[in-house]
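Student: If you scroll down you'll find the structure; I have some questions about it.
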Amino acid sequence: MVDHGRRQFMTGAAGLTFGIATGTIAGSIGTAGDVAAQPAGAQPRSRTMNPWVTLSTDGTVTIMSAASEMGQGSLTSLPLVLAEEMDADWSRVRIVHAPPNDAIYGNPRMGNVMYTAGSLAVTGYFTMMRQFGAQVRWVLVDNAARRLGVPAAELSTQPGRVLHLASGRSLSFGEIAVFAEVPAKAPEIALEPLDTVRFRLVGRDVGRIDVPGKVRGAPVYSIDVQQPGMVYGAILREPVEGASVVSVDDRAARAIEGVIDVVRLKYGVGVIADAPWAAFKAKQALKVQWGRQATGWGFSTEKGFEAFAAIARDDSRQGIAWESQGNVRKALQSASSRFEREYRADYAYHAQMEPLNSVASVSPDGTACEIWCGTQSQTFAVAAVADALGIARERVKLNDMMVGGGFGRRGNRDTEFIVDSALLSRAAKRPVKVTWTREDDVKNGRFRPLYVNRLSAGLDAGGRIVAWHHKVVSDRVLPFADPVRAKASKGRDNIAMRGTEIPSYDIPDRLAEGIHPDTGIRTAPLRAIGVGQNCFANECFIDEIAAERGVDPVDYRLALLARTPRAQAVVREAARMAGWERRAALEKQGRALGVAYIDYTGSHVAAIAEVSVDRPSGEVKVHRIWCTIDCGVAVQPDNVVAQTESSIVYGLGLALTEQILVADGQVQQSNFYDYRVPRMSDMPEMIIKVMPTPNHPTGAGQMATPLVAPAIANALARLTGARLRQQPMLPARVRTALAEGTGRVA
């Protein structure tokens with residue numbers, strides 16, 4: 001029997017409305033365990049307790065999950081929090097994807113829309129899930145008190161049951177569901193503070209609900225969906241954003257066996273066929289003349305770096321402030337010494353495993369549409385289809401599927417792959433499945449932008465940093481990802497600029513400003529958004545200042561973090577785990593350690609990489625990475641470890657191999673043979689330690705990704721004396737840095 005302090009009866013009459021019907025529960029993912037069999041002939045009935053919970057008379061608890069499941073575990077973690085406060089028997093819990101409804105299921109941290117990104121699922125829904133779970137428990141206890149004829153204050157709960165210890169009587173949640181009366185208004189519950197609460201499920205390694213099915217190959221992704229009469233579509237998209245179709249020669253495409261129709265669209269040409277292979281072949285046979293008025297024509301990676309660097313170095317070009325504290329320019333002028341460096345990053349591709357795809361069925365009269373897709377935003381998916389078809393959003397039905405990798409690519413407001421299927425279905429007047437090939441996905445990707453970061457630091461006579469100026473020049477991102485929010489932001493690009501802020505470092509005068517030219521290149525949030533490159537610049541810069549002063553880089557960071565004990569704790573523990581004191585001995589063996597730290601929206605993370613380099617080839621080998629993370633309450637610690645390992649793998653590719661090149665506005669890479677993601681043979685040993693604290697959860701999904709590149713670069717500098725200041729650290733760049741001994745890579 002569990003009798004936590006927070007599980008005592010709580011009174012109140014105000015609060016959230018309970019009386020919202022959620023309809024028939026369907027499309028369940030599965031149960032957390034086996035549900036007990038019903039007596040012969042009994043038909044279980046369901047009682048809607050609130051918009052998130054339905055309770056069956058057989059004891060099954062059905063919980064809605066509002067976050068998209070992309071392999072990150074949200075399908076388990078969010079219901080787990082609700083089940084904790086409800087005191088549900090986890091073995092009797094069934095999870096269901098919540099239907100699109102921002103008013104009920106919107107994430108408070110995402111502007112109250114259904115959008116899974118930024119490691120904000122648990123962060124955004126945590127308190128809400130606790131509140132709803134506690135309220136359901138209140139209703140169950142209240143009903144049990146009336147049925148047992150005892151004061152509610154004498155009752156307590158254990159998983160799935162309300163107990164009256166004085167008399168030895170009890171009622172199961174399923175028994176209460178038979179007669180439960182649900183109030184129109186939710187009770188007002190005072191949740192126990194996190195520093196005193198004793199969780200039963202949260203903070204334990206509870207198995208993920210989606211894993212058993214995935215092991216069996218049971219989950220259905222949208223790429224698996226079949227509909228009666230369904231045909232297939234492929235799109236030849238504009239090679240440069242905004243390039244119009246001038247003319248189309250589709251004779252060769254229409255002659256291919258199985259082709260049903262060729263459809264001209266605003267942004268390209270679509271093919272409809274009776275098989276996907278016919279659609280792909282016909283797409284390749286199209287001859288299209290594209291208009292040359294688009295901004296991106298003529299742009300190249302090389303020209304971009306030259307232009308961005310010129311802007312970054314021009315002190316007369318001031319950007320839009322992202323973070324401003326004190327008077328940086330005055331502090332730099334009065335500083336005893338000044339330190340400046342420049343860092344860069346190439347375009348990078350999302351490389352999600354499941355190709356973009358969607359199935360749509362538009363009604364014959366064109367006034368309604370049903371879609372099947374995996375998306376990071378149910379809200380944006382529905383809105384995009386409705387807007388493209390010119391119909392009301394209420395006329396779009398979304399079947400939310402599992403997502404085979406997102407990383408930001410399935411979260412754009414445009415959601416163009418979903419719109420593809422809707423437009424072709426309207427043309428075909430039957431269901432259409434559109435699947436992008438990997439070549440489509442690379443050539444028409446939305447990339448992490450090109451970056452040039454210019455950092456300046458002013459030091460006082462004692463070597464303390466008193467001024468910090470971070471100037472970012474990059475492609476714009478927010479206007480592509482979220483035009484509505486971009487208009488309201490007045491030029492502050494929160495995707496490109498995130499990570500320039502350094503809240504935990506004790507530096508009195510700080511300024512981060514951004515300039516974002518419109519290059520015409522498609523961009524989007526990519527795992528860790530701007531933090532990935534901006535943290536690379538910050539942490540390499542800190543390391544260079546420490547080296548210039550002859551100070552140990554771990555000690556230097558600990559001094560800067562003196563006012564943030566949580567930050568110091570993760571840095572100290574990472575250094576202890578890695579055996580930081582053995583650096584000299586390790587270097588004699590041809591290896592070195594490098595450190596990096598980040599405060600990512602309140603999650604404190606530190607990483608140390610052990611690397612070596614093959615000097616003739618320039619190949620960098622990462623042997624081990626130690627990582628510590630304090631993300632507040634760790635709802636599923638083992639899953640935080642898995643997420644951190646995933647973050648490190650992703651960061652490894654961005655740091656060493658992943659590069660998109662643009663020439664005349666067009667992407668030069670096309671598949672994994674020329675866009676190299678990490679292979680199994682590249683994997684370092686990863687030693688992860690979760691250091692939970694009684695603080696509100698602050699996210700874990702992408703927090704380690706930004707640390708990988710600076711930790712590697714800092715280790716390489718220690719090992720070779722050469723500084724690598726550009727991602728990715730390709731072998732050719734490493735060879736150049738070793739030859740020059742400066743690390744300045746153009």
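By convention here, the chains of the structure tokens are called A, B, ... in the order presented, each chain's residues are numbered starting at 1, and ligands are numbered starting at 1 in the order presented.
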For the structure I just gave you, how does DSSP split stretch 89-277 of chain A - specifically, which residues are strand (DSSP E)? Reply as a PyMOL selection string.
Tutor: chain A and resi 93-97+156-158+161-164+169-172+231-237+245-249+259-265+268-273
Student: Tell me, as a PyMOL selection string, which residues lie within 6 Å of stretch 111-120 of chain A, counting only C-alpha atoms; anything in the same chain fewer than 6 positions away does not count.
Tutor: chain A and resi 67-68+102+376-379+699+701
Student: Using only C-alpha atoms, what table do you get, as a tab-separated table, when you list each residue of stretch 501-616 of chain A with an atom no more than 10 Å from stretch 298-307 of chain A, its nearest pair of atoms, and their distance in Å rounded to one decimal, rows by chain then rising number?
Tutor:
residue	atom	partner	partner_atom	distance
A:Pro517	CA	A:Ala307	CA	9.5
A:Thr519	CA	A:Phe299	CA	7.1
A:Gly520	CA	A:Phe299	CA	8.1
A:Ile521	CA	A:Phe299	CA	8.3
Student: Would you put the residues from that selection into a file with C-alpha atoms, as a PDB file, in the first residue's frame?
Tutor:
ATOM      1  CA  PRO A 517      20.259  38.009 -44.492  1.00  0.00           C
ATOM      2  CA  THR A 519      19.718  34.222 -48.903  1.00  0.00           C
ATOM      3  CA  GLY A 520      16.730  32.380 -50.327  1.00  0.00           C
ATOM      4  CA  ILE A 521      17.969  29.073 -48.917  1.00  0.00           C
TER       5      ILE A 521
END
Student: Env of A:Gly291: 12 Å cut, atoms = only C-alpha atoms, seq-sep filter 3 positions within chain, self excluded. Answer as a list of chain:residue names.
Tutor: A:Glu238, A:Pro239, A:Val240, A:Glu241, A:Gly242, A:Ala243, A:Ser244, A:Val245, A:Val246, A:Ser247, A:Val248, A:Lys266, A:Tyr267, A:Gly268, A:Val288, A:Ala294, A:Thr295, A:Gly296, A:Trp297
Student: As a ChimeraX atom specification, please: the residues near A:Asp274 (cut-off 10 Å, only C-alpha atoms, same-chain neighbours under 4 positions excluded).
Tutor: /A:229-233,257-260,278-279,432
Student: So that I can check the surroundings of A:Gly319, please list as an NGL selection string every protein, DNA and RNA residue that reaches within 8 Å of it, counting only C-alpha atoms and ignoring chain neighbours fewer than 5 positions away.
Tutor: :A and (471 or 513-515)
Student: Need to verify the contact set: stretch 636-639 of chain A, 12 Å, only C-alpha atoms, exclusion of same-chain residues closer than 6 positions in sequence. Can you return it as an MDAnalysis selection string?
Tutor: chainID A and resid 71:81 122 199:209 211 629:630 645:646 688:693 697 699:701
Student: Using the selection just defined, write its residues with C-alpha atoms as a short mmCIF file (atom, residue, chain, number, x, y, z; two decimals), in the first residue's frame.
Tutor:
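Result went into again35.cif, see below:
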data_model
loop_
_atom_site.label_atom_id
_atom_site.label_comp_id
_atom_site.auth_asym_id
_atom_site.auth_seq_id
_atom_site.Cartn_x
_atom_site.Cartn_y
_atom_site.Cartn_z
CA GLY A 71 11.24 7.63 -30.58
CA GLN A 72 11.94 10.03 -27.71
CA GLY A 73 9.53 8.38 -25.25
CA SER A 74 6.89 11.09 -24.77
CA LEU A 75 4.16 8.52 -25.33
CA THR A 76 5.18 7.00 -22.01
CA SER A 77 6.51 9.92 -19.98
CA LEU A 78 3.49 12.22 -20.16
CA PRO A 79 0.86 9.59 -19.22
CA LEU A 80 3.25 8.35 -16.53
CA VAL A 81 3.11 11.72 -14.77
CA VAL A 122 7.62 16.99 -20.47
CA PHE A 199 7.05 9.59 -6.46
CA ARG A 200 6.19 5.96 -7.13
CA LEU A 201 6.42 5.93 -10.94
CA VAL A 202 8.16 9.18 -11.83
CA GLY A 203 11.92 8.93 -11.46
CA ARG A 204 11.87 5.14 -11.81
CA ASP A 205 12.93 3.16 -14.87
CA VAL A 206 9.46 2.25 -16.07
CA GLY A 207 9.52 0.51 -19.45
CA ARG A 208 8.48 2.53 -22.47
CA ILE A 209 5.02 1.68 -23.77
CA VAL A 211 9.11 -0.52 -27.29
CA ILE A 629 22.93 15.95 -17.12
CA ASP A 630 20.75 17.66 -14.52
CA GLU A 645 23.16 8.92 -26.16
CA SER A 646 21.04 9.80 -29.18
CA ILE A 688 26.12 8.98 -19.16
CA LYS A 689 25.12 10.01 -15.67
CA VAL A 690 21.73 11.51 -14.86
CA MET A 691 21.94 13.83 -11.85
CA PRO A 692 18.29 14.57 -11.00
CA THR A 693 17.35 17.46 -8.75
CA PRO A 697 11.78 19.17 -15.63
CA GLY A 699 14.19 18.75 -21.07
CA ALA A 700 16.69 16.11 -22.20
CA GLY A 701 15.98 15.32 -25.86
#
Student: Would you please give, as number ranges by chain, all residues of stretch 152-290 of chain A that DSSP assigns to alpha helix (DSSP H) based on the backbone?
Tutor: A: 173-179, 211-216, 251-254, 276-285
Student: Tell me, as number ranges by chain, which residues lie within 9 Å of A:Arg161, counting only C-alpha atoms; anything in the same chain fewer than 6 positions away does not count.
Tutor: A: 87-89, 170-174
